[in-house]
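Peer 1: I'm passing along final.cif; it holds mmCIF, C-alpha atoms.
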```
data_final
#
loop_
_atom_site.label_atom_id
_atom_site.label_comp_id
_atom_site.auth_asym_id
_atom_site.auth_seq_id
_atom_site.Cartn_x
_atom_site.Cartn_y
_atom_site.Cartn_z
CA MET A 203 53.69 89.88 79.61
CA SER A 204 51.92 86.64 80.53
CA SER A 205 52.10 87.17 84.28
CA ASP A 206 49.73 89.40 86.26
CA ARG A 207 52.05 90.07 89.21
CA PRO A 208 52.96 93.53 90.46
CA ALA A 209 56.47 93.47 91.93
CA ASP A 210 56.84 92.02 95.44
CA THR A 211 53.13 91.52 95.98
CA MET A 212 52.19 88.21 94.37
CA THR A 213 53.86 84.83 94.16
CA PRO A 214 56.06 84.77 91.05
CA PHE A 215 55.40 82.06 88.48
CA ASP A 216 57.70 83.77 85.98
CA ASP A 217 59.73 80.66 85.16
CA ALA A 218 56.62 78.88 83.90
CA TYR A 219 55.82 81.47 81.25
CA ASP A 220 58.74 81.06 78.84
CA GLN A 221 59.69 77.41 78.75
CA PRO A 222 60.03 75.47 75.48
CA ASP A 223 56.59 73.93 76.16
CA PRO A 224 53.65 74.41 78.55
CA ARG A 225 54.27 71.56 80.99
CA ALA A 226 55.68 73.77 83.76
CA TYR A 227 52.82 76.24 83.28
CA PHE A 228 50.19 73.62 84.02
CA ARG A 229 52.24 71.85 86.67
CA GLU A 230 52.87 75.03 88.68
CA LEU A 231 49.52 76.79 88.26
CA GLY A 232 47.33 73.72 88.56
CA PRO A 233 47.66 73.29 92.35
CA TRP A 234 46.34 76.84 92.83
CA GLY A 235 43.31 76.33 90.59
CA TYR A 236 44.22 78.89 87.93
CA ARG A 237 41.14 79.15 85.68
CA THR A 238 40.79 82.50 83.93
CA PRO A 239 41.04 80.89 80.46
CA HIS A 240 38.13 78.65 81.44
CA HIS A 241 35.94 81.69 82.12
CA ALA A 242 37.15 83.40 78.95
CA GLN A 243 36.38 80.45 76.68
CA SER A 244 32.60 80.89 76.63
CA VAL A 245 32.80 84.70 76.81
CA PHE A 246 35.09 85.01 73.80
CA ARG A 247 32.97 82.59 71.77
CA ARG A 248 29.84 84.65 72.49
CA LEU A 249 31.61 87.83 71.46
CA LEU A 250 32.78 86.28 68.21
CA THR A 251 29.23 85.16 67.50
CA ALA A 252 28.12 88.76 67.95
CA LEU A 253 30.86 89.97 65.61
CA GLY A 254 29.94 87.66 62.73
CA PRO A 255 30.49 86.32 60.14
CA GLY A 256 26.71 86.15 59.93
CA SER A 257 24.85 84.29 57.20
CA PRO A 258 26.70 82.61 54.30
CA GLU A 259 25.13 85.10 51.90
CA GLU A 260 27.04 87.95 53.55
CA GLU A 261 30.39 86.30 52.69
CA ARG A 262 32.12 87.99 55.60
CA PRO A 263 35.34 86.29 56.77
CA ALA A 264 35.61 84.95 60.29
CA PRO A 265 36.78 87.68 62.70
CA THR A 266 40.50 87.62 63.45
CA VAL A 267 41.51 87.56 67.13
CA LEU A 268 44.66 89.05 68.64
CA ASP A 269 45.41 87.50 72.03
CA ILE A 270 47.69 89.79 74.05
CA CYS A 271 49.90 88.05 76.63
CA CYS A 272 49.02 84.83 74.84
CA SER A 273 51.74 82.70 76.45
CA TYR A 274 51.55 79.16 74.97
CA GLY A 275 48.32 79.83 73.09
CA ILE A 276 46.00 78.57 75.82
CA ASN A 277 43.14 80.88 74.84
CA ALA A 278 43.51 79.88 71.20
CA ALA A 279 43.44 76.21 72.21
CA LEU A 280 40.18 76.66 74.09
CA LEU A 281 38.59 78.97 71.53
CA ASN A 282 39.21 76.83 68.47
CA HIS A 283 39.12 73.26 69.77
CA HIS A 284 36.75 70.84 71.44
CA LEU A 285 38.68 71.07 74.70
CA THR A 286 38.29 72.42 78.23
CA LEU A 287 40.93 73.87 80.50
CA SER A 288 40.61 70.74 82.61
CA ASP A 289 41.46 68.68 79.51
CA LEU A 290 44.64 70.71 79.07
CA TYR A 291 45.68 70.25 82.71
CA THR A 292 45.19 66.49 82.29
CA HIS A 293 47.03 66.41 78.98
CA TYR A 294 50.13 68.30 80.09
CA THR A 295 50.51 66.54 83.45
CA SER A 296 49.96 63.05 82.00
CA GLU A 297 52.61 60.33 82.16
CA ARG A 298 53.19 60.54 78.42
CA ALA A 299 53.68 64.31 78.49
CA THR A 300 56.00 64.08 81.50
CA ALA A 301 58.16 61.47 79.79
CA SER A 302 58.33 63.27 76.44
CA SER A 303 61.03 65.55 75.12
CA THR A 304 59.87 68.94 73.89
CA ALA A 305 60.21 67.76 70.28
CA GLU A 306 58.12 64.68 71.04
CA LEU A 307 55.51 66.77 72.82
CA ILE A 308 55.26 69.20 69.91
CA SER A 309 54.74 66.29 67.48
CA TRP A 310 52.05 64.80 69.72
CA ASP A 311 50.39 68.17 70.21
CA ARG A 312 50.12 68.83 66.49
CA ASP A 313 47.93 65.74 66.19
CA PHE A 314 46.21 66.38 69.53
CA TYR A 315 44.96 69.80 68.46
CA ALA A 316 44.34 68.98 64.80
CA SER A 317 42.02 66.11 65.76
CA ARG A 318 39.99 68.40 68.03
CA ARG A 319 39.73 71.44 65.77
CA ARG A 320 36.29 73.06 65.72
CA PRO A 321 34.63 73.66 62.34
CA ASP A 322 33.99 77.28 63.36
CA ALA A 323 37.63 77.99 64.27
CA VAL A 324 38.78 81.57 63.74
CA PRO A 325 42.22 83.01 62.92
CA VAL A 326 44.17 83.82 66.09
CA LEU A 327 47.31 85.94 66.34
CA GLY A 328 49.42 85.92 69.51
CA LEU A 329 51.47 88.66 71.16
CA ASP A 330 53.74 87.98 74.11
CA ALA A 331 57.20 88.98 75.30
CA ALA A 332 58.08 85.29 75.83
CA PRO A 333 59.74 84.02 72.62
CA ARG A 334 59.82 80.32 73.52
CA ALA A 335 56.13 80.30 74.46
CA ILE A 336 55.29 81.98 71.14
CA ALA A 337 57.47 79.49 69.25
CA TYR A 338 55.66 76.55 70.85
CA ALA A 339 52.19 77.95 70.08
CA ARG A 340 53.17 78.45 66.45
CA ALA A 341 54.83 75.04 66.16
CA VAL A 342 51.73 73.11 67.25
CA GLY A 343 49.35 75.18 65.13
CA LEU A 344 47.52 77.11 67.85
CA LEU A 345 48.44 80.51 66.41
CA ASP A 346 48.12 81.59 62.81
CA ASP A 347 51.00 83.92 63.59
CA GLY A 348 52.80 84.95 66.75
CA PHE A 349 54.97 87.88 67.77
CA ALA A 350 57.49 87.83 70.61
CA GLU A 351 57.42 91.56 71.24
CA ASN A 352 57.00 93.82 74.26
CA LEU A 353 55.18 96.97 73.19
CA GLU A 354 55.69 98.48 76.62
CA THR A 355 59.38 98.87 75.83
CA GLY A 356 59.49 99.19 72.06
CA ALA A 357 57.49 99.98 68.95
CA PRO A 358 55.65 97.14 67.21
CA SER A 359 57.37 95.54 64.28
CA PRO A 360 56.03 96.20 60.77
CA ALA A 361 55.13 92.50 60.58
CA LEU A 362 52.96 92.74 63.69
CA LEU A 363 51.21 95.86 62.42
CA ARG A 364 50.52 94.21 59.07
CA ALA A 365 49.13 91.07 60.71
CA ALA A 366 47.02 93.02 63.20
CA ARG A 367 45.50 95.33 60.61
CA ASP A 368 42.42 93.13 60.14
CA VAL A 369 41.94 92.15 63.80
CA ARG A 370 38.34 92.48 65.03
CA LEU A 371 38.71 91.21 68.61
CA ILE A 372 41.61 91.81 71.01
CA THR A 373 41.60 89.52 74.04
CA LEU A 374 43.46 89.62 77.35
CA THR A 375 43.23 87.16 80.25
CA GLY A 376 46.40 88.00 82.16
CA GLY A 377 49.05 90.67 82.39
CA ALA A 378 46.86 93.77 82.51
CA SER A 379 48.77 95.12 85.51
CA PHE A 380 51.91 95.22 83.36
CA LEU A 381 50.26 96.92 80.38
CA SER A 382 49.55 100.54 79.51
CA PRO A 383 48.30 102.51 76.51
CA ARG A 384 51.72 101.91 74.93
CA THR A 385 50.62 98.38 74.04
CA PHE A 386 47.13 99.20 72.77
CA ALA A 387 47.54 102.54 70.99
CA PRO A 388 49.63 101.40 68.00
CA LEU A 389 47.46 98.34 67.44
CA LEU A 390 44.27 100.41 67.36
CA THR A 391 45.85 103.14 65.26
CA GLY A 392 46.81 100.59 62.62
CA ALA A 393 43.50 98.70 62.59
CA ALA A 394 41.63 98.78 59.29
CA GLY A 395 38.20 98.64 60.90
CA PRO A 396 36.40 98.72 64.26
CA VAL A 397 37.93 96.59 67.00
CA TRP A 398 36.46 95.13 70.18
CA VAL A 399 38.70 94.66 73.23
CA ALA A 400 37.74 92.06 75.86
CA ALA A 401 39.88 91.93 79.01
CA PHE A 402 39.77 89.96 82.25
CA VAL A 403 41.48 92.24 84.78
CA LEU A 404 42.45 91.53 88.38
CA ARG A 405 40.41 93.62 90.80
CA THR A 406 43.61 94.62 92.60
CA GLY A 407 44.35 97.36 90.07
CA SER A 408 42.73 99.93 87.81
CA TYR A 409 41.85 99.44 84.16
CA ALA A 410 41.16 103.18 83.77
CA PRO A 411 44.39 104.16 81.94
CA ILE A 412 43.81 101.52 79.28
CA ALA A 413 40.09 102.33 79.05
CA ASP A 414 41.00 106.00 78.55
CA CYS A 415 43.33 105.02 75.72
CA LEU A 416 40.61 102.94 74.11
CA ALA A 417 38.19 105.87 74.45
CA ALA A 418 40.63 108.06 72.55
CA HIS A 419 40.28 105.57 69.70
CA GLY A 420 36.49 105.70 69.74
CA LEU A 421 35.78 102.71 71.98
CA THR A 422 33.34 102.75 74.87
CA THR A 423 34.26 100.48 77.78
CA GLU A 424 31.62 98.55 79.71
CA LYS A 425 32.36 96.60 82.90
CA HIS A 426 30.39 93.44 83.58
CA THR A 427 29.11 94.13 87.09
CA ALA A 428 26.81 91.12 87.48
CA GLN A 429 29.65 88.80 88.46
CA THR A 430 33.38 88.44 88.99
CA TYR A 431 35.57 85.56 87.86
CA PRO A 432 37.89 83.66 90.24
CA GLN A 433 41.45 83.63 88.92
CA ARG A 434 43.34 81.35 91.33
CA ARG A 435 43.69 80.61 95.02
CA PHE A 436 46.17 82.55 97.11
CA THR A 437 49.46 80.85 97.84
CA GLY A 438 49.49 82.17 101.41
CA GLU A 439 48.35 84.81 103.87
CA GLN A 440 50.72 87.47 102.51
CA GLU A 441 49.13 87.28 99.06
CA GLN A 442 45.67 87.44 100.54
CA ARG A 443 46.47 90.45 102.70
CA TYR A 444 47.89 92.22 99.66
CA ALA A 445 44.88 91.35 97.50
CA ILE A 446 42.32 92.49 100.05
CA ALA A 447 44.10 95.81 100.62
CA ALA A 448 44.68 96.42 96.91
CA THR A 449 41.10 95.52 96.01
CA ARG A 450 39.78 98.01 98.55
CA ALA A 451 42.22 100.66 97.32
CA ALA A 452 40.83 100.11 93.81
CA GLY A 453 37.34 100.86 95.08
CA GLU A 454 36.09 97.27 95.10
CA ASP A 455 34.63 95.19 97.94
CA PRO A 456 36.68 92.06 98.72
CA GLU A 457 34.03 90.49 100.96
CA GLY A 458 32.94 87.09 99.71
CA LYS A 459 35.58 87.13 97.01
CA GLU A 460 39.22 87.91 97.84
CA SER A 461 38.32 87.50 101.53
CA GLU A 462 37.36 83.89 100.75
CA GLY A 463 40.79 82.93 99.40
CA SER A 464 41.09 83.69 95.68
CA PHE A 465 42.05 86.48 93.33
CA HIS A 466 39.08 87.64 91.26
CA THR A 467 38.96 89.35 87.88
CA ALA A 468 36.41 91.65 86.30
CA LEU A 469 35.45 91.52 82.64
CA TYR A 470 35.67 94.69 80.54
CA LEU A 471 34.45 95.00 76.96
CA SER A 472 35.32 98.01 74.80
CA ARG A 473 33.45 98.62 71.53
CA PRO A 474 32.55 101.47 69.19
CA ALA A 475 29.88 103.55 70.90
CA ALA A 476 27.17 102.74 68.35
CA GLU A 477 27.65 99.00 68.84
CA ALA A 478 27.80 99.27 72.62
CA GLY A 479 24.51 101.16 72.68
CA GLY A 480 22.74 98.60 70.56
CA SER A 481 23.52 95.52 72.63
CA PRO A 482 24.55 95.75 76.31
CA LEU A 483 27.32 93.46 77.52
CA GLY A 484 24.96 91.52 79.76
CA ALA A 485 22.77 90.71 76.77
CA LEU A 486 25.77 89.41 74.83
CA LEU A 487 26.80 87.12 77.66
CA HIS A 488 23.32 85.90 78.52
CA PRO A 489 21.21 86.05 75.35
#
```
For the file at hand, write its structure as structure tokens.
Peer 2:
Amino acid sequence: MSSDRPADTMTPFDDAYDQPDPRAYFRELGPWGYRTPHHAQSVFRRLLTALGPGSPEEERPAPTVLDICCSYGINAALLNHHLTLSDLYTHYTSERATASSTAELISWDRDFYASRRRPDAVPVLGLDAAPRAIAYARAVGLLDDGFAENLETGAPSPALLRAARDVRLITLTGGASFLSPRTFAPLLTGAAGPVWVAAFVLRTGSYAPIADCLAAHGLTTEKHTAQTYPQRRFTGEQEQRYAIAATRAAGEDPEGKESEGSFHTALYLSRPAAEAGGSPLGALLHP
């Protein structure tokens, strides 16, 4: 669930997504400039500001986030800590990290993240089909709870549904091409209140089936058209040819984006219609 690779079209990084720790993830993706979590960091923080909790007098709890395809908890690390994606690349490719066992790295990371925790940190749940990645993110304290489940192939566990009941923001920075309404429908059906869904989606495919599912649950989807977000550089000409053709087939223009050597994503935000009408996405991102 953490990869965003349609079969036989993109370079597989599958082995990096379910290791006992994130070192392979950063070692393998770093040379290609993977940076979607970097773009998402400021976007998700702005959305959480818009969601609340508001003034202390309102006594509203901090919004709970559910990160789908969370992998090792990278989005949670950036959301809740005084860290950048560049910091994480440096940390996990350092000499100390390279020389550490997984147990030693987990012990170091507990202190690493705890010492950089933001005072406005929010609860984050993680969902991913990769059990070892989930176990790591829980062990170092990045996730308040994590679920190694694939909702594309099976129903959510009762524990996941209980935990996700109070979620206010669902986030997604990779894996949209592998997901369908099967993942989103049960989570939205079980939600106790209104939910926002923020997704960075490769321009090589369509988000329409998921947006239609969200619409059936009362959410209006808005696409941020003012900009796109580079995901990573292509690993070769075959990937670039695929991306250009697929982007055009999806009704997008690859000129100046995929034609220049990188995958690009688009940002989609889905909200209850009343909330979407009151504050356009562009205003949330650039107040």
Peer 1: When the PyMOL selection byres ((chain A and resi 381) around 12) is applied to the file above, which residues end up in the set, as a ChimeraX atom specification?
Peer 2: /A:203-208,270-271,330-331,352-355,374,376-380,382-387,401,403,407-413,415
Peer 1: Taking the file as I've supplied it (selection: the PyMOL selection byres ((chain A and resi 469) around 8)), which residues are included? Please answer as a ChimeraX atom specification.
Peer 2: /A:400-403,425-426,430-431,467-468,470-471
Peer 1: Could you write out the selected residues, including C-alpha atoms, as a PDB file, keeping the file's coordinate frame?
Peer 2:
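New file again_13.pdb:
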```pdb
ATOM      1  CA  ALA A 400      37.740  92.060  75.860  1.00  0.00           C
ATOM      2  CA  ALA A 401      39.880  91.930  79.010  1.00  0.00           C
ATOM      3  CA  PHE A 402      39.770  89.960  82.250  1.00  0.00           C
ATOM      4  CA  VAL A 403      41.480  92.240  84.780  1.00  0.00           C
ATOM      5  CA  LYS A 425      32.360  96.600  82.900  1.00  0.00           C
ATOM      6  CA  HIS A 426      30.390  93.440  83.580  1.00  0.00           C
ATOM      7  CA  THR A 430      33.380  88.440  88.990  1.00  0.00           C
ATOM      8  CA  TYR A 431      35.570  85.560  87.860  1.00  0.00           C
ATOM      9  CA  THR A 467      38.960  89.350  87.880  1.00  0.00           C
ATOM     10  CA  ALA A 468      36.410  91.650  86.300  1.00  0.00           C
ATOM     11  CA  TYR A 470      35.670  94.690  80.540  1.00  0.00           C
ATOM     12  CA  LEU A 471      34.450  95.000  76.960  1.00  0.00           C
TER      13      LEU A 471
END
```
Peer 1: Can you tell me how far atom CA of A:Thr266 sits from atom CA of A:Ala361, in Å to one decimal?
Peer 2: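 The value is 15.7 Å.
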Peer 1: Quick one: everything within 7 Å of stretch 296-311 of chain A, counting all atoms listed in the file, minus sequence neighbours fewer than 3 positions away in the same chain. Send it as a PDB file with C-alpha atoms, in the frame of the given file.
Peer 2:
```pdb
ATOM      1  CA  PRO A 222      60.030  75.470  75.480  1.00  0.00           C
ATOM      2  CA  ASP A 223      56.590  73.930  76.160  1.00  0.00           C
ATOM      3  CA  THR A 292      45.190  66.490  82.290  1.00  0.00           C
ATOM      4  CA  HIS A 293      47.030  66.410  78.980  1.00  0.00           C
ATOM      5  CA  PHE A 314      46.210  66.380  69.530  1.00  0.00           C
ATOM      6  CA  TYR A 315      44.960  69.800  68.460  1.00  0.00           C
ATOM      7  CA  ALA A 341      54.830  75.040  66.160  1.00  0.00           C
ATOM      8  CA  VAL A 342      51.730  73.110  67.250  1.00  0.00           C
TER       9      VAL A 342
END
```
Peer 1: Once the PyMOL selection byres ((chain A and resi 348) around 9) has been evaluated on this model, what residues remain selected, and can you format them as number ranges by chain?
Peer 2: A: 272, 326-330, 336-337, 339-340, 345-347, 349-350, 362
Peer 1: Just how far from atom CA of A:His466 is atom CA of A:Phe436, in Å to one decimal?
Peer 2: 10.5 Å
Peer 1: With distances taken over only C-alpha atoms, which residue among A:Pro482, A:Pro214, A:Gly235, A:Pro224 lies nearest A:Leu290?
Peer 2: A:Pro224
Peer 1: Smallest atom-to-atom distance to A:Thr211: which of A:Thr427, A:Pro489, A:Thr406, A:Ser472, using all atoms listed in the file?
Peer 2: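 Among A:Thr427, A:Pro489, A:Thr406, A:Ser472, it is A:Thr406 that comes nearest to A:Thr211.
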Peer 1: Suppose you want the space between atom CA of A:His419 and atom CA of A:Arg473; what is it in Å?
Peer 2: 9.9 Å
Peer 1: Up to 9 Å from (36.1, 71.7, 66.5) in the file's coordinates: name the residues, counting all atoms listed in the file, as a list in words.
Peer 2: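 Residues satisfying the cut-off, written out: Asn282, His283, His284, Leu285, Ala316, Ser317, Arg318, Arg319, Arg320, Pro321, Asp322 and Ala323 of chain A.
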Peer 1: Name the closest residue to A:Thr391 among the candidates A:Ala476, A:Asp368, A:Thr375, A:Gly463; distances are taken between atoms, counting all atoms listed in the file.
Peer 2: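 Ranked by minimum distance to A:Thr391, first place goes to A:Asp368.
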Peer 1: Which is closest to A:Tyr227 among A:Thr295, A:Thr422, A:Gln433, A:Gln243, if we use all atoms listed in the file?
Peer 2: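 Checking each of A:Thr295, A:Thr422, A:Gln433, A:Gln243 against A:Tyr227, counting all atoms listed in the file, the winner is A:Thr295.
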Peer 1: Between A:Glu477, A:Asp313, A:Asp455, A:Glu441, which is the closest to A:Leu421 once you count all atoms listed in the file?
Peer 2: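 Comparing A:Glu477, A:Asp313, A:Asp455, A:Glu441 against A:Leu421, the winner is A:Glu477.
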Peer 1: Of the candidates A:Val245, A:Val399, A:Ala447, A:Val267, which one gets nearest to A:Ala365 if we count only C-alpha atoms?
Peer 2: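 Smallest separation from A:Ala365 among the options: A:Val267.
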Peer 1: If you count only C-alpha atoms, which residues fall within 9 Å of A:Arg367, apart from same-chain ones fewer than 6 positions away, as a PyMOL selection string?
Peer 2: chain A and resi 389-390+392-395
Peer 1: Missing atoms in stretch 213-232 of chain A need filling: write out N, CA and C atoms for it as a PDB file, keeping the file's coordinate frame.
Peer 2:
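Done, and the output landed in selection_4.pdb:
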```
ATOM      1  N   THR A 213      52.915  85.927  94.369  1.00  0.00           N
ATOM      2  CA  THR A 213      53.860  84.830  94.160  1.00  0.00           C
ATOM      3  C   THR A 213      54.305  84.798  92.702  1.00  0.00           C
ATOM      4  N   PRO A 214      55.601  84.796  92.441  1.00  0.00           N
ATOM      5  CA  PRO A 214      56.060  84.770  91.050  1.00  0.00           C
ATOM      6  C   PRO A 214      55.954  83.374  90.445  1.00  0.00           C
ATOM      7  N   PHE A 215      55.404  83.288  89.275  1.00  0.00           N
ATOM      8  CA  PHE A 215      55.400  82.060  88.480  1.00  0.00           C
ATOM      9  C   PHE A 215      56.152  82.321  87.178  1.00  0.00           C
ATOM     10  N   ASP A 216      57.062  83.291  87.205  1.00  0.00           N
ATOM     11  CA  ASP A 216      57.700  83.770  85.980  1.00  0.00           C
ATOM     12  C   ASP A 216      58.374  82.661  85.178  1.00  0.00           C
ATOM     13  N   ASP A 217      58.999  81.703  85.871  1.00  0.00           N
ATOM     14  CA  ASP A 217      59.730  80.660  85.160  1.00  0.00           C
ATOM     15  C   ASP A 217      58.815  79.781  84.307  1.00  0.00           C
ATOM     16  N   ALA A 218      57.543  79.747  84.640  1.00  0.00           N
ATOM     17  CA  ALA A 218      56.620  78.880  83.900  1.00  0.00           C
ATOM     18  C   ALA A 218      56.169  79.488  82.588  1.00  0.00           C
ATOM     19  N   TYR A 219      56.415  80.783  82.389  1.00  0.00           N
ATOM     20  CA  TYR A 219      55.820  81.470  81.250  1.00  0.00           C
ATOM     21  C   TYR A 219      56.665  81.475  79.987  1.00  0.00           C
ATOM     22  N   ASP A 220      57.921  81.065  80.061  1.00  0.00           N
ATOM     23  CA  ASP A 220      58.740  81.060  78.840  1.00  0.00           C
ATOM     24  C   ASP A 220      59.627  79.835  78.786  1.00  0.00           C
ATOM     25  N   GLN A 221      59.023  78.682  78.952  1.00  0.00           N
ATOM     26  CA  GLN A 221      59.690  77.410  78.750  1.00  0.00           C
ATOM     27  C   GLN A 221      59.493  76.958  77.299  1.00  0.00           C
ATOM     28  N   PRO A 222      60.221  75.944  76.859  1.00  0.00           N
ATOM     29  CA  PRO A 222      60.030  75.470  75.480  1.00  0.00           C
ATOM     30  C   PRO A 222      58.657  74.850  75.228  1.00  0.00           C
ATOM     31  N   ASP A 223      57.929  74.496  76.293  1.00  0.00           N
ATOM     32  CA  ASP A 223      56.590  73.930  76.160  1.00  0.00           C
ATOM     33  C   ASP A 223      55.802  74.234  77.429  1.00  0.00           C
ATOM     34  N   PRO A 224      54.490  73.955  77.446  1.00  0.00           N
ATOM     35  CA  PRO A 224      53.650  74.410  78.550  1.00  0.00           C
ATOM     36  C   PRO A 224      53.617  73.531  79.793  1.00  0.00           C
ATOM     37  N   ARG A 225      54.418  72.498  79.878  1.00  0.00           N
ATOM     38  CA  ARG A 225      54.270  71.560  80.990  1.00  0.00           C
ATOM     39  C   ARG A 225      54.465  72.238  82.347  1.00  0.00           C
ATOM     40  N   ALA A 226      55.455  73.092  82.482  1.00  0.00           N
ATOM     41  CA  ALA A 226      55.680  73.770  83.760  1.00  0.00           C
ATOM     42  C   ALA A 226      54.532  74.708  84.098  1.00  0.00           C
ATOM     43  N   TYR A 227      53.966  75.343  83.092  1.00  0.00           N
ATOM     44  CA  TYR A 227      52.820  76.240  83.280  1.00  0.00           C
ATOM     45  C   TYR A 227      51.676  75.518  83.968  1.00  0.00           C
ATOM     46  N   PHE A 228      51.311  74.364  83.441  1.00  0.00           N
ATOM     47  CA  PHE A 228      50.190  73.620  84.020  1.00  0.00           C
ATOM     48  C   PHE A 228      50.569  72.939  85.326  1.00  0.00           C
ATOM     49  N   ARG A 229      51.798  72.511  85.429  1.00  0.00           N
ATOM     50  CA  ARG A 229      52.240  71.850  86.670  1.00  0.00           C
ATOM     51  C   ARG A 229      52.282  72.827  87.836  1.00  0.00           C
ATOM     52  N   GLU A 230      52.730  74.063  87.592  1.00  0.00           N
ATOM     53  CA  GLU A 230      52.870  75.030  88.680  1.00  0.00           C
ATOM     54  C   GLU A 230      51.574  75.761  89.010  1.00  0.00           C
ATOM     55  N   LEU A 231      50.753  76.049  88.008  1.00  0.00           N
ATOM     56  CA  LEU A 231      49.520  76.790  88.260  1.00  0.00           C
ATOM     57  C   LEU A 231      48.353  75.894  88.661  1.00  0.00           C
ATOM     58  N   GLY A 232      48.409  74.639  88.261  1.00  0.00           N
ATOM     59  CA  GLY A 232      47.330  73.720  88.560  1.00  0.00           C
ATOM     60  C   GLY A 232      46.989  73.594  90.041  1.00  0.00           C
TER      61      GLY A 232
END
```
